[in-house]
Amino acid sequence: MTTLALSPFKYAHHQLDRLGAWSADLPLRLFLAWEFFESGLEKWNGQNWFVDIQSAFPFPFNLLPAELSWQLSMWAELIAPLLLLLGLGTRFASLVLMVLTLVAIAAVHWPAHWSSLSELALGYSISDKGYGNYKLPLIYLVALLPLLLKGAGRFSLDALLRRKA
């Protein structure tokens, strides 16, 4: 059956499927690239505050010197977003940013003390009012998950390299 013989609803659905195959991941890649790159630029232009929180980092990251942790996170937040933007090594870049985000949640965003799930739920917020603020990093993790599992899609350098191989 040709696409012309389809009902308008089915035709629109078919066109959205075709568009989605090429670009469904693109908004995620652009959003995440912007957010992480912006954080990397803040580190590039800022002072190392990891010295104050190094002991809060989860193992094995707590064993690294604060300066090395700062450099690793800064470069991860500058390079991995560029890879996401290009759709090059998308799964690897997503994994790197997920690990970085999990360390940030553990060291900075998770509440220091909580005694019940309702108290922990108070930390599901953007601003820290004494209960943590893990909402935004959790959103980043959820947004990175499809890119880790599915890759960058057809509109990417990953797909171009696969077609050439």
# chains A, B, ... in the order shown; residues from 1 in each chain; ligands from 1
call {"tool": "residues_around", "arguments": {"residues": "stretch 77-81 of chain A", "least_positions_apart": "6", "cutoff": "6 Å", "atoms": "only C-alpha atoms", "output": "list in words"}}
result
Ala33, Phe36, Phe37, Gly40 and Ala93 of chain A
call {"tool": "residues_around", "arguments": {"residues": "A:Asp25", "least_positions_apart": "5", "cutoff": "10 Å", "atoms": "only C-alpha atoms", "output": "number ranges by chain"}}
result
A: 20, 30, 87, 143, 146-147, 150-156
call {"tool": "write_last_selection", "arguments": {"atoms": "C-alpha atoms", "output": "compact mmCIF listing (two decimals), in the first residue's frame"}}
result
# COMPACT_ATOMS: atom_id res chain seq x y z
CA GLY A 20 11.47 10.16 14.45
CA LEU A 30 21.12 19.21 22.19
CA GLY A 87 26.44 11.96 17.69
CA ALA A 143 17.46 11.81 29.59
CA PRO A 146 17.82 6.38 25.89
CA LEU A 147 21.07 7.63 24.35
CA LYS A 150 19.77 3.18 21.70
CA GLY A 151 22.62 5.43 20.59
CA ALA A 152 22.36 8.62 18.59
CA GLY A 153 20.02 7.52 15.82
CA ARG A 154 20.36 8.09 12.10
CA PHE A 155 21.23 11.79 12.19
CA SER A 156 24.67 11.30 13.74
call {"tool": "residues_around", "arguments": {"residues": "stretch 112-120 of chain A", "least_positions_apart": "5", "cutoff": "9 Å", "atoms": "only C-alpha atoms", "output": "MDAnalysis selection string"}}
result
chainID A and resid 130:132
call {"tool": "select_by_dssp", "arguments": {"residues": "chain A", "states": "alpha helix (DSSP H)", "output": "NGL selection string"}}
result
:A and (8-23 or 26-45 or 66-86 or 90-104 or 117-121 or 135-150 or 157-164)
call {"tool": "closest_residue", "arguments": {"among": "A:Leu95, A:Ala121, A:Ile105, A:Ala56", "to": "A:Ala76", "atoms": "only C-alpha atoms"}}
result
A:Leu95
call {"tool": "atom_distance", "arguments": {"atom1": "atom CA of A:Phe57", "atom2": "atom CA of A:Ala104"}}
result
7.8 Å
call {"tool": "residues_around", "arguments": {"residues": "A:Glu67", "least_positions_apart": "6", "cutoff": "12 Å", "atoms": "only C-alpha atoms", "output": "list in words"}}
result
Lys43, Gln47, Asn48, Trp49, Phe50, Val51, Asp52, Ile53, Gln54, Phe61, Ser73 and Met74 of chain A
call {"tool": "write_last_selection", "arguments": {"atoms": "N, CA, C and O atoms", "output": "PDB file, in the first residue's frame"}}
result
ATOM      1  N   LYS A  43      33.440  25.282  35.347  1.00  0.00           N
ATOM      2  CA  LYS A  43      34.640  24.741  35.988  1.00  0.00           C
ATOM      3  C   LYS A  43      35.896  25.343  35.352  1.00  0.00           C
ATOM      4  O   LYS A  43      36.850  25.663  36.036  1.00  0.00           O
ATOM      5  N   GLN A  47      36.971  28.382  40.260  1.00  0.00           N
ATOM      6  CA  GLN A  47      37.956  27.869  41.213  1.00  0.00           C
ATOM      7  C   GLN A  47      37.563  26.455  41.632  1.00  0.00           C
ATOM      8  O   GLN A  47      36.380  26.140  41.747  1.00  0.00           O
ATOM      9  N   ASN A  48      38.539  25.637  41.933  1.00  0.00           N
ATOM     10  CA  ASN A  48      38.315  24.259  42.340  1.00  0.00           C
ATOM     11  C   ASN A  48      37.716  24.224  43.742  1.00  0.00           C
ATOM     12  O   ASN A  48      38.392  24.504  44.713  1.00  0.00           O
ATOM     13  N   TRP A  49      36.441  23.847  43.842  1.00  0.00           N
ATOM     14  CA  TRP A  49      35.776  23.715  45.129  1.00  0.00           C
ATOM     15  C   TRP A  49      35.653  22.258  45.534  1.00  0.00           C
ATOM     16  O   TRP A  49      35.046  21.929  46.550  1.00  0.00           O
ATOM     17  N   PHE A  50      36.259  21.344  44.754  1.00  0.00           N
ATOM     18  CA  PHE A  50      36.209  19.924  45.081  1.00  0.00           C
ATOM     19  C   PHE A  50      36.989  19.593  46.350  1.00  0.00           C
ATOM     20  O   PHE A  50      36.716  18.586  46.989  1.00  0.00           O
ATOM     21  N   VAL A  51      37.956  20.434  46.708  1.00  0.00           N
ATOM     22  CA  VAL A  51      38.731  20.203  47.932  1.00  0.00           C
ATOM     23  C   VAL A  51      37.783  20.097  49.128  1.00  0.00           C
ATOM     24  O   VAL A  51      37.980  19.259  50.013  1.00  0.00           O
ATOM     25  N   ASP A  52      36.741  20.907  49.138  1.00  0.00           N
ATOM     26  CA  ASP A  52      35.797  20.940  50.252  1.00  0.00           C
ATOM     27  C   ASP A  52      34.894  19.713  50.315  1.00  0.00           C
ATOM     28  O   ASP A  52      34.361  19.407  51.379  1.00  0.00           O
ATOM     29  N   ILE A  53      34.702  19.024  49.198  1.00  0.00           N
ATOM     30  CA  ILE A  53      33.754  17.907  49.178  1.00  0.00           C
ATOM     31  C   ILE A  53      34.387  16.578  48.773  1.00  0.00           C
ATOM     32  O   ILE A  53      33.680  15.580  48.634  1.00  0.00           O
ATOM     33  N   GLN A  54      35.680  16.528  48.578  1.00  0.00           N
ATOM     34  CA  GLN A  54      36.350  15.321  48.087  1.00  0.00           C
ATOM     35  C   GLN A  54      36.015  14.090  48.932  1.00  0.00           C
ATOM     36  O   GLN A  54      35.841  12.997  48.410  1.00  0.00           O
ATOM     37  N   PHE A  61      36.312   7.367  43.630  1.00  0.00           N
ATOM     38  CA  PHE A  61      36.579   8.770  43.306  1.00  0.00           C
ATOM     39  C   PHE A  61      37.079   9.557  44.518  1.00  0.00           C
ATOM     40  O   PHE A  61      37.777  10.549  44.360  1.00  0.00           O
ATOM     41  N   SER A  73      36.425  15.902  35.803  1.00  0.00           N
ATOM     42  CA  SER A  73      35.022  16.294  35.623  1.00  0.00           C
ATOM     43  C   SER A  73      34.906  17.443  34.627  1.00  0.00           C
ATOM     44  O   SER A  73      33.988  17.465  33.799  1.00  0.00           O
ATOM     45  N   MET A  74      35.824  18.394  34.684  1.00  0.00           N
ATOM     46  CA  MET A  74      35.779  19.521  33.749  1.00  0.00           C
ATOM     47  C   MET A  74      35.920  19.025  32.308  1.00  0.00           C
ATOM     48  O   MET A  74      35.123  19.389  31.434  1.00  0.00           O
TER      49      MET A  74
END
call {"tool": "residues_around", "arguments": {"residues": "A:Leu88", "least_positions_apart": "3", "cutoff": "7 Å", "atoms": "only C-alpha atoms", "output": "mmCIF file with all heavy atoms, in the first residue's frame"}}
result
data_model
loop_
_atom_site.group_PDB
_atom_site.id
_atom_site.type_symbol
_atom_site.label_atom_id
_atom_site.label_comp_id
_atom_site.auth_asym_id
_atom_site.auth_seq_id
_atom_site.Cartn_x
_atom_site.Cartn_y
_atom_site.Cartn_z
ATOM 1 N N LEU A 83 30.741 15.365 21.901
ATOM 2 C CA LEU A 83 30.482 14.070 21.275
ATOM 3 C C LEU A 83 28.980 13.839 21.117
ATOM 4 O O LEU A 83 28.528 13.349 20.076
ATOM 5 C CB LEU A 83 31.118 12.949 22.089
ATOM 6 C CG LEU A 83 32.648 12.937 22.145
ATOM 7 C CD1 LEU A 83 33.145 11.864 23.096
ATOM 8 C CD2 LEU A 83 33.239 12.758 20.755
ATOM 9 N N LEU A 84 28.200 14.196 22.151
ATOM 10 C CA LEU A 84 26.740 14.078 22.049
ATOM 11 C C LEU A 84 26.200 14.936 20.916
ATOM 12 O O LEU A 84 25.335 14.505 20.147
ATOM 13 C CB LEU A 84 26.061 14.494 23.351
ATOM 14 C CG LEU A 84 26.119 13.561 24.541
ATOM 15 C CD1 LEU A 84 25.310 14.135 25.695
ATOM 16 C CD2 LEU A 84 25.647 12.171 24.193
ATOM 17 N N SER A 156 23.498 11.262 12.859
ATOM 18 C CA SER A 156 24.666 11.303 13.736
ATOM 19 C C SER A 156 25.890 10.801 12.983
ATOM 20 O O SER A 156 25.776 10.114 11.972
ATOM 21 C CB SER A 156 24.432 10.421 14.966
ATOM 22 O OG SER A 156 24.339 9.058 14.580
ATOM 23 N N LEU A 157 27.037 11.137 13.525
ATOM 24 C CA LEU A 157 28.272 10.605 12.951
ATOM 25 C C LEU A 157 28.396 9.112 13.228
ATOM 26 O O LEU A 157 28.979 8.389 12.423
ATOM 27 C CB LEU A 157 29.486 11.364 13.500
ATOM 28 C CG LEU A 157 29.647 12.787 12.985
ATOM 29 C CD1 LEU A 157 30.865 13.454 13.623
ATOM 30 C CD2 LEU A 157 29.760 12.818 11.473
ATOM 31 N N ASP A 158 27.846 8.651 14.348
ATOM 32 C CA ASP A 158 27.848 7.207 14.624
ATOM 33 C C ASP A 158 27.162 6.453 13.489
ATOM 34 O O ASP A 158 27.690 5.453 12.991
ATOM 35 C CB ASP A 158 27.114 6.902 15.937
ATOM 36 C CG ASP A 158 27.894 7.293 17.169
ATOM 37 O OD1 ASP A 158 29.136 7.464 17.079
ATOM 38 O OD2 ASP A 158 27.272 7.426 18.241
#
call {"tool": "closest_residue", "arguments": {"among": "A:Pro60, A:Ala159, A:Ala21, A:Thr90", "to": "A:Leu144", "atoms": "only C-alpha atoms"}}
result
A:Thr90
